file upload.txt (compact mmCIF, C-alpha atoms)
# COMPACT_ATOMS: atom_id res chain seq x y z
CA MET F 167 253.16 75.41 77.63
CA LYS F 168 250.81 72.90 75.99
CA LEU F 169 250.67 71.98 72.30
CA LEU F 170 247.48 72.00 70.25
CA ASP F 171 247.90 70.87 66.64
CA LEU F 172 244.30 71.18 65.52
CA THR F 173 242.62 72.35 62.33
CA LEU F 174 238.84 72.60 62.60
CA PRO F 175 236.55 72.06 59.58
CA SER F 176 235.72 75.67 58.70
CA PRO F 177 237.50 79.05 58.55
CA ALA F 178 235.08 80.52 61.09
CA GLU F 179 235.82 77.73 63.57
CA ASN F 180 239.57 78.07 63.17
CA LEU F 181 239.45 81.82 63.78
CA ALA F 182 237.10 81.33 66.70
CA LEU F 183 239.36 78.75 68.34
CA ASP F 184 242.18 81.29 68.68
CA GLU F 185 239.91 83.64 70.60
CA ALA F 186 238.39 80.76 72.56
CA LEU F 187 241.87 79.73 73.71
CA LEU F 188 242.52 83.27 74.92
CA ASP F 189 239.19 83.28 76.81
CA TRP F 190 239.96 79.83 78.24
CA CYS F 191 243.30 80.96 79.65
CA GLU F 192 241.98 84.30 80.87
CA THR F 193 239.33 82.56 82.97
CA GLY F 194 242.03 80.49 84.66
CA VAL F 195 241.00 77.14 83.21
CA GLY F 196 243.62 76.82 80.49
CA LYS F 197 247.39 77.24 80.52
CA GLU F 198 249.77 78.73 77.97
CA VAL F 199 249.26 77.23 74.50
CA LEU F 200 251.09 76.82 71.19
CA ARG F 201 248.65 75.94 68.41
CA PHE F 202 249.15 75.03 64.73
CA TRP F 203 246.54 74.87 62.00
CA GLU F 204 246.35 74.80 58.19
CA SER F 205 243.38 75.53 55.95
CA HIS F 206 242.60 73.35 52.95
CA GLU F 207 240.43 76.06 51.40
CA TYR F 208 241.13 79.64 50.42
CA PHE F 209 239.64 82.55 52.35
CA ILE F 210 240.53 86.13 53.21
CA VAL F 211 241.05 87.33 56.78
CA VAL F 212 241.04 91.05 57.52
CA GLY F 213 242.45 92.62 60.68
CA TYR F 214 240.05 93.79 63.35
CA ALA F 215 239.97 97.44 62.19
CA ASN F 216 240.39 96.87 58.43
CA LYS F 217 237.83 98.31 56.02
CA VAL F 218 236.90 95.49 53.68
CA CYS F 219 236.11 97.82 50.78
CA ALA F 220 239.61 99.33 50.96
CA GLU F 221 241.71 96.27 51.77
CA VAL F 222 240.05 93.50 49.73
CA ASN F 223 239.13 93.07 46.08
CA ARG F 224 235.56 92.07 46.88
CA ALA F 225 234.56 91.59 43.22
CA ALA F 226 237.38 89.12 42.65
CA CYS F 227 236.57 87.26 45.85
CA LYS F 228 232.91 87.02 44.88
CA SER F 229 233.66 85.78 41.37
CA MET F 230 236.03 83.10 42.73
CA GLY F 231 233.78 82.13 45.64
CA ILE F 232 236.38 83.08 48.26
CA PRO F 233 234.79 84.21 51.55
CA ILE F 234 235.98 87.09 53.75
CA TYR F 235 236.35 86.85 57.51
CA ARG F 236 237.56 89.16 60.28
CA ARG F 237 239.89 88.20 63.14
CA CYS F 238 239.94 89.56 66.67
CA SER F 239 243.48 91.01 66.42
CA GLY F 240 244.95 93.89 64.44
CA GLY F 241 247.24 93.89 61.43
CA GLY F 242 246.53 93.69 57.73
CA SER F 243 244.54 91.47 55.41
CA VAL F 244 245.87 88.05 54.40
CA LEU F 245 244.98 85.15 52.16
CA GLN F 246 244.64 81.80 53.90
CA GLY F 247 244.77 78.48 52.12
CA PRO F 248 246.90 75.51 51.07
CA GLY F 249 250.57 76.24 51.64
CA CYS F 250 250.02 78.57 54.60
CA LEU F 251 250.90 77.40 58.11
CA ASN F 252 249.26 79.25 61.01
CA TYR F 253 250.46 79.30 64.57
CA THR F 254 248.95 80.71 67.77
CA LEU F 255 250.55 81.57 71.09
CA VAL F 256 248.52 82.29 74.23
CA LEU F 257 250.95 83.56 76.87
CA LYS F 258 250.59 84.82 80.42
CA THR F 259 251.56 88.46 80.92
CA MET F 260 253.36 89.85 83.95
CA GLU F 261 254.09 93.40 85.10
CA ALA F 262 257.80 92.71 85.01
CA GLY F 263 259.05 90.77 82.01
CA PRO F 264 259.19 90.78 78.22
CA LEU F 265 255.40 90.57 77.76
CA GLN F 266 254.49 93.64 79.80
CA ASN F 267 253.49 95.78 76.79
CA ILE F 268 252.85 95.56 73.05
CA SER F 269 256.29 96.65 71.88
CA SER F 270 258.29 94.41 74.20
CA THR F 271 256.00 91.49 73.39
CA ASN F 272 256.63 92.00 69.69
CA ARG F 273 260.38 92.02 70.21
CA PHE F 274 260.41 88.98 72.49
CA ILE F 275 258.19 86.73 70.36
CA MET F 276 259.58 87.80 67.01
CA ASP F 277 263.15 87.18 68.14
CA LYS F 278 262.25 83.67 69.27
CA ASN F 279 260.44 82.91 66.01
CA ARG F 280 263.27 84.42 63.96
CA GLY F 281 265.81 82.20 65.68
CA ALA F 282 263.66 79.12 65.16
CA ILE F 283 263.21 79.68 61.44
CA GLU F 284 266.82 80.70 60.89
CA THR F 285 267.93 77.20 61.85
CA LEU F 286 266.04 75.91 58.79
CA ILE F 287 267.36 78.36 56.18
CA PRO F 288 270.62 77.63 54.33
CA GLU F 289 272.95 80.58 53.79
CA SER F 290 272.50 80.26 50.02
CA ARG F 291 268.92 81.53 50.35
CA THR F 292 270.19 84.94 51.49
CA ARG F 293 273.62 85.11 49.85
CA GLY F 294 275.58 84.60 53.02
CA SER F 295 274.12 87.47 55.05
CA VAL F 296 275.01 87.58 58.75
CA SER F 297 271.42 86.94 59.80
CA ARG F 298 269.57 84.75 57.33
CA VAL F 299 266.17 85.74 58.77
CA ALA F 300 265.32 89.30 59.83
CA VAL F 301 262.51 91.00 61.74
CA ARG F 302 261.28 93.99 59.73
CA GLY F 303 258.52 96.47 60.38
CA HIS F 304 257.05 95.56 63.74
CA THR F 305 256.11 91.91 63.31
CA ASP F 306 257.24 90.73 59.87
CA LEU F 307 259.78 87.97 59.29
CA CYS F 308 261.78 88.28 56.09
CA LEU F 309 264.42 86.67 53.95
CA GLY F 310 266.36 89.75 52.88
CA ASN F 311 263.60 92.23 52.12
CA MET F 312 261.03 89.56 51.18
CA LYS F 313 258.33 88.83 53.75
CA PHE F 314 257.26 85.29 54.61
CA SER F 315 255.47 85.80 57.95
CA GLY F 316 253.06 88.38 59.34
CA ASN F 317 251.81 88.52 62.93
CA SER F 318 249.46 90.35 65.28
CA GLN F 319 248.35 90.31 68.88
CA ARG F 320 245.42 90.91 71.21
CA ARG F 321 245.78 91.52 74.93
CA ARG F 322 243.54 90.78 77.90
CA ASN F 323 244.17 91.37 81.61
CA THR F 324 246.41 88.40 82.32
CA TYR F 325 246.96 86.68 78.96
CA LEU F 326 247.72 87.71 75.42
CA LEU F 327 247.05 86.15 72.04
CA PHE F 328 249.84 86.37 69.47
CA HIS F 329 249.26 84.66 66.15
CA GLY F 330 250.56 84.69 62.62
CA THR F 331 251.21 82.89 59.37
CA PHE F 332 254.15 81.30 57.62
CA LEU F 333 254.07 81.24 53.82
CA LEU F 334 255.33 77.80 52.85
CA ASN F 335 253.94 77.19 49.36
CA LEU F 336 251.01 79.61 49.06
CA ASP F 337 249.86 80.84 45.64
CA LEU F 338 251.41 84.34 45.65
CA VAL F 339 249.79 85.30 42.35
CA LEU F 340 246.37 84.66 43.83
CA ILE F 341 247.19 87.04 46.69
CA GLY F 342 247.75 89.85 44.18
CA ASN F 343 244.44 89.09 42.49
CA LEU F 344 242.45 89.25 45.73
CA LEU F 345 244.24 91.86 47.84
CA PRO F 346 245.35 95.32 46.71
CA VAL F 347 248.54 96.82 48.09
CA PRO F 348 247.47 97.68 51.66
CA SER F 349 246.69 101.26 52.64
CA ARG F 350 249.15 100.98 55.54
CA GLN F 351 252.50 99.35 54.91
CA PRO F 352 255.96 99.20 56.50
CA ASP F 353 258.65 101.47 55.10
CA TYR F 354 260.70 98.59 53.73
CA ARG F 355 257.87 97.56 51.39
CA VAL F 356 258.20 100.76 49.27
CA ASP F 357 254.91 100.09 47.43
CA ARG F 358 256.02 96.76 46.02
CA ALA F 359 253.30 94.52 44.60
CA HIS F 360 252.58 91.33 46.55
CA ASP F 361 254.59 89.10 44.20
CA ARG F 362 257.65 91.34 44.64
CA PHE F 363 257.21 91.69 48.39
CA LEU F 364 256.25 88.17 49.54
CA THR F 365 258.13 84.89 49.35
CA ASN F 366 257.52 81.28 50.30
CA LEU F 367 259.84 79.39 52.62
CA ASN F 368 259.39 76.23 50.53
CA LEU F 369 259.72 74.09 53.63
CA PRO F 370 257.56 71.23 54.90
CA ALA F 371 255.10 72.32 57.57
CA GLU F 372 256.37 69.65 59.97
CA LYS F 373 259.90 71.10 59.91
CA VAL F 374 258.60 74.56 60.78
CA LYS F 375 256.40 73.16 63.55
CA THR F 376 259.31 71.23 65.02
CA ALA F 377 261.54 74.32 65.06
CA LEU F 378 258.86 76.42 66.77
CA ARG F 379 258.07 73.71 69.30
CA LYS F 380 261.75 73.55 70.23
CA ALA F 381 261.92 77.35 70.59
CA TRP F 382 258.81 77.52 72.80
CA LYS F 383 259.51 74.30 74.75
CA ASP F 384 256.03 72.80 74.74
CA GLU F 385 255.33 70.10 77.31
CA GLY F 386 252.38 67.84 76.72
CA ARG F 387 249.24 68.47 74.72
CA VAL F 388 245.91 70.19 75.16
CA THR F 389 243.50 67.30 75.63
CA GLU F 390 240.21 69.17 75.98
CA PRO F 391 240.22 72.40 73.94
CA PRO F 392 237.34 74.82 74.56
CA LEU F 393 235.18 73.68 71.65
CA ASP F 394 231.91 74.73 73.30
CA ARG F 395 233.22 78.30 73.39
CA VAL F 396 234.15 77.96 69.71
CA LYS F 397 230.52 77.17 68.86
CA VAL F 398 229.34 80.30 70.64
CA LEU F 399 231.92 82.52 68.97
CA VAL F 400 231.10 81.12 65.54
CA ARG F 401 227.38 81.69 66.05
CA ASP F 402 227.69 85.18 67.51
CA LYS F 403 230.70 86.51 65.62
CA TYR F 404 232.81 84.63 63.09
CA ALA F 405 229.97 83.31 60.92
CA SER F 406 228.17 86.66 61.04
CA ALA F 407 228.25 89.23 58.24
CA LYS F 408 227.68 91.85 60.91
CA TRP F 409 231.12 91.00 62.32
CA ASN F 410 233.02 90.11 59.17
CA HIS F 411 231.86 93.18 57.26
CA LYS F 412 231.49 95.57 60.20
CA PHE F 413 233.90 98.06 58.57
call {"tool": "encode", "arguments": {"input": "upload.txt", "output": "structure tokens"}}
result
Amino acid sequence: MKLLDLTLPSPAENLALDEALLDWCETGVGKEVLRFWESHEYFIVVGYANKVCAEVNRAACKSMGIPIYRRCSGGGSVLQGPGCLNYTLVLKTMEAGPLQNISSTNRFIMDKNRGAIETLIPESRTRGSVSRVAVRGHTDLCLGNMKFSGNSQRRRNTYLLFHGTFLLNLDLVLIGNLLPVPSRQPDYRVDRAHDRFLTNLNLPAEKVKTALRKAWKDEGRVTEPPLDRVKVLVRDKYASAKWNHKF
């Protein structure tokens, strides 16, 4: 697995690079990848099938000048911005093994990520619970019943894209102003508002990256990422209102 620690200048480019990496591997040019990126500006990202009018406070976004984008994977709507660390995994699938279907992939990746983050969390954060970090819902990571990471995936024939966020020091109040309580939610949320459901890890990004790199055993770096493919995806999809507001 190769490491790519790369944040591109715009939200559209960063979203496009995740899909470009999946395309790159699927065509046989690239190998498995672990990517990190962080945005210095706020923007909303909705899941592939999300309806913007239902999942985003569009009036608030417009008044604050916060753009709305759509990603190529499922899951719910999130706020991106300072204090949010994003990671991307592009992994090769096999008929026999933990990545053979959606459910087993979720279990395999989430358990690895849970173990990585747990090494960084002192017992005092969770009052001495047996497992300081828990997987809840399908792909949420939590401290107790407070979520700090959401994840989603997209599958191709021979590779899959699995990506997500870690809330480090994100403005949780701003999330509540821009995103209503989602129409679909895991049972453990029990209709809690964002500021009663989400929590920050309050950890430096480099510590989280180091823990994940150790868990996924990266070897070497991506030296020539598929930036030409990024340009095409930005032009045809991620910078297009037709894509971002398709539902």
call {"tool": "atom_distance", "arguments": {"input": "upload.txt", "atom1": "CA of Ser318 in chain F", "atom2": "CA of Thr389 in chain F"}}
result
26.0 Å
call {"tool": "closest_atom_pairs", "arguments": {"input": "upload.txt", "of": "range 258-327 of chain F", "to": "range 374-378 of chain F", "cutoff": "7 Å", "atoms": "only C-alpha atoms", "output": "JSON lines"}}
result
{"residue": "F:Asn279", "atom": "CA", "partner": "F:Leu378", "partner_atom": "CA", "distance": 6.7}
{"residue": "F:Ala282", "atom": "CA", "partner": "F:Ala377", "partner_atom": "CA", "distance": 5.2}
{"residue": "F:Ile283", "atom": "CA", "partner": "F:Ala377", "partner_atom": "CA", "distance": 6.7}
call {"tool": "atom_distance", "arguments": {"input": "upload.txt", "atom1": "CA of Pro370 in chain F", "atom2": "CA of Val256 in chain F"}}
result
24.0 Å
call {"tool": "closest_atom_pairs", "arguments": {"input": "upload.txt", "of": "range 267-345 of chain F", "to": "range 187-190 of chain F", "cutoff": "10 Å", "atoms": "all atoms listed in the file", "output": "CSV"}}
result
residue,atom,partner,partner_atom,distance
F:Arg320,CA,F:Leu188,CA,9.0
F:Arg321,CA,F:Leu188,CA,8.9
F:Arg322,CA,F:Leu188,CA,8.1
F:Thr324,CA,F:Leu188,CA,9.8
F:Tyr325,CA,F:Leu188,CA,6.9
F:Leu326,CA,F:Leu188,CA,6.9
F:Leu327,CA,F:Leu188,CA,6.1
F:Phe328,CA,F:Leu188,CA,9.6
call {"tool": "closest_residue", "arguments": {"input": "upload.txt", "among": "F:Glu261, F:Asp337, F:Glu284, F:Glu185", "to": "Gly249 in chain F", "atoms": "all atoms listed in the file"}}
result
F:Asp337
call {"tool": "residues_around", "arguments": {"input": "upload.txt", "residues": "range 210-227 of chain F", "least_positions_apart": "5", "cutoff": "12 Å", "atoms": "only C-alpha atoms", "output": "PyMOL selection string"}}
result
chain F and resi 177-178+180-181+205+232-247+316-320+329-331+340-351+404+407+409-413
call {"tool": "closest_residue", "arguments": {"input": "upload.txt", "among": "F:Leu336, F:Ala182, F:Leu367, F:Leu251", "to": "Ile287 in chain F", "atoms": "all atoms listed in the file"}}
result
F:Leu367
call {"tool": "closest_residue", "arguments": {"input": "upload.txt", "among": "F:Glu192, F:Asp306, F:Glu390, F:Asp353", "to": "Met276 in chain F", "atoms": "all atoms listed in the file"}}
result
F:Asp306
call {"tool": "atom_distance", "arguments": {"input": "upload.txt", "atom1": "CA of Phe332 in chain F", "atom2": "CA of Cys250 in chain F"}}
result
5.8 Å
call {"tool": "closest_residue", "arguments": {"input": "upload.txt", "among": "F:Arg379, F:Lys278, F:Lys228, F:His304", "to": "Val199 in chain F", "atoms": "all atoms listed in the file"}}
result
F:Arg379
call {"tool": "closest_residue", "arguments": {"input": "upload.txt", "among": "F:Lys373, F:Arg395, F:His360, F:Lys258", "to": "Glu198 in chain F", "atoms": "all atoms listed in the file"}}
result
F:Lys258
call {"tool": "closest_residue", "arguments": {"input": "upload.txt", "among": "F:Asn252, F:Thr305, F:Asn311, F:Thr365", "to": "Leu172 in chain F", "atoms": "all atoms listed in the file"}}
result
F:Asn252
call {"tool": "axis_aligned_box", "arguments": {"input": "upload.txt", "around": "range 317-323 of chain F", "padding_each_side": "5 Å", "output": "JSON"}}
result
{"center_x": 247.7, "center_y": 90.0, "center_z": 72.3, "size_x": 18.3, "size_y": 13.0, "size_z": 28.7}
call {"tool": "decode", "arguments": {"input": "upload.txt", "residues": "range 215-311 of chain F", "atoms": "C-alpha atoms", "output": "compact mmCIF listing (two decimals), in the first residue's frame"}}
result
# COMPACT_ATOMS: atom_id res chain seq x y z
CA ALA F 215 -28.19 9.60 -3.23
CA ASN F 216 -28.92 12.45 -0.79
CA LYS F 217 -31.59 15.02 -1.64
CA VAL F 218 -30.02 18.40 -1.04
CA CYS F 219 -33.33 20.05 -0.17
CA ALA F 220 -33.97 17.51 2.60
CA GLU F 221 -30.47 17.05 4.01
CA VAL F 222 -28.98 20.56 3.84
CA ASN F 223 -30.06 23.97 5.10
CA ARG F 224 -29.57 25.61 1.72
CA ALA F 225 -30.62 29.08 2.91
CA ALA F 226 -28.00 29.05 5.67
CA CYS F 227 -25.33 27.80 3.29
CA LYS F 228 -26.17 30.52 0.78
CA SER F 229 -26.13 33.29 3.39
CA MET F 230 -22.73 32.12 4.70
CA GLY F 231 -21.25 31.47 1.25
CA ILE F 232 -20.69 27.77 1.95
CA PRO F 233 -20.88 25.64 -1.23
CA ILE F 234 -22.50 22.21 -1.55
CA TYR F 235 -20.88 19.27 -3.31
CA ARG F 236 -21.77 15.62 -3.91
CA ARG F 237 -19.42 12.65 -3.51
CA CYS F 238 -19.41 9.40 -5.46
CA SER F 239 -20.13 7.18 -2.42
CA GLY F 240 -23.18 6.76 -0.20
CA GLY F 241 -23.79 7.85 3.37
CA GLY F 242 -25.06 11.09 4.83
CA SER F 243 -24.23 14.76 4.52
CA VAL F 244 -21.21 16.22 6.30
CA LEU F 245 -19.52 19.54 6.89
CA GLN F 246 -15.91 19.76 5.77
CA GLY F 247 -13.48 22.37 6.97
CA PRO F 248 -10.71 23.26 9.43
CA GLY F 249 -10.46 20.64 12.15
CA CYS F 250 -11.65 17.75 9.97
CA LEU F 251 -9.17 15.11 8.81
CA ASN F 252 -10.15 13.03 5.79
CA TYR F 253 -8.71 9.69 4.82
CA THR F 254 -9.16 7.49 1.75
CA LEU F 255 -8.46 3.81 1.23
CA VAL F 256 -8.41 2.19 -2.22
CA LEU F 257 -8.16 -1.57 -1.70
CA LYS F 258 -8.12 -4.57 -4.00
CA THR F 259 -11.08 -6.92 -3.59
CA MET F 260 -10.93 -10.70 -3.80
CA GLU F 261 -13.63 -13.38 -3.96
CA ALA F 262 -12.30 -14.95 -0.79
CA GLY F 263 -11.34 -12.54 1.97
CA PRO F 264 -12.66 -9.75 4.18
CA LEU F 265 -13.37 -7.36 1.28
CA GLN F 266 -15.64 -9.67 -0.71
CA ASN F 267 -18.86 -7.75 0.04
CA ILE F 268 -20.11 -4.50 1.58
CA SER F 269 -20.84 -5.83 5.06
CA SER F 270 -17.58 -7.72 5.52
CA THR F 271 -15.64 -4.74 4.16
CA ASN F 272 -17.30 -2.48 6.70
CA ARG F 273 -16.40 -4.82 9.55
CA PHE F 274 -12.80 -5.33 8.42
CA ILE F 275 -11.94 -1.67 7.82
CA MET F 276 -13.82 -0.28 10.78
CA ASP F 277 -12.16 -2.73 13.16
CA LYS F 278 -8.72 -1.70 11.91
CA ASN F 279 -9.54 1.99 12.22
CA ARG F 280 -11.09 1.48 15.66
CA GLY F 281 -7.95 -0.24 16.91
CA ALA F 282 -5.74 2.50 15.51
CA ILE F 283 -7.66 5.32 17.16
CA GLU F 284 -8.07 3.46 20.44
CA THR F 285 -4.31 3.57 20.96
CA LEU F 286 -4.59 7.38 21.11
CA ILE F 287 -7.49 7.68 23.56
CA PRO F 288 -6.84 7.70 27.33
CA GLU F 289 -9.27 5.71 29.47
CA SER F 290 -10.40 8.92 31.18
CA ARG F 291 -12.15 10.01 27.97
CA THR F 292 -14.61 7.12 28.29
CA ARG F 293 -14.67 6.52 32.04
CA GLY F 294 -12.70 3.31 31.95
CA SER F 295 -14.90 1.38 29.51
CA VAL F 296 -13.51 -1.92 28.21
CA SER F 297 -13.27 -0.60 24.66
CA ARG F 298 -12.49 3.11 24.55
CA VAL F 299 -13.56 3.38 20.89
CA ALA F 300 -16.60 1.57 19.47
CA VAL F 301 -18.03 0.90 16.03
CA ARG F 302 -21.73 1.85 16.01
CA GLY F 303 -24.31 1.78 13.26
CA HIS F 304 -22.58 0.37 10.22
CA THR F 305 -19.58 2.65 9.79
CA ASP F 306 -19.49 5.13 12.68
CA LEU F 307 -16.67 5.37 15.20
CA CYS F 308 -17.69 6.63 18.62
CA LEU F 309 -16.46 7.54 22.06
CA GLY F 310 -19.27 6.11 24.17
CA ASN F 311 -22.35 7.10 22.19
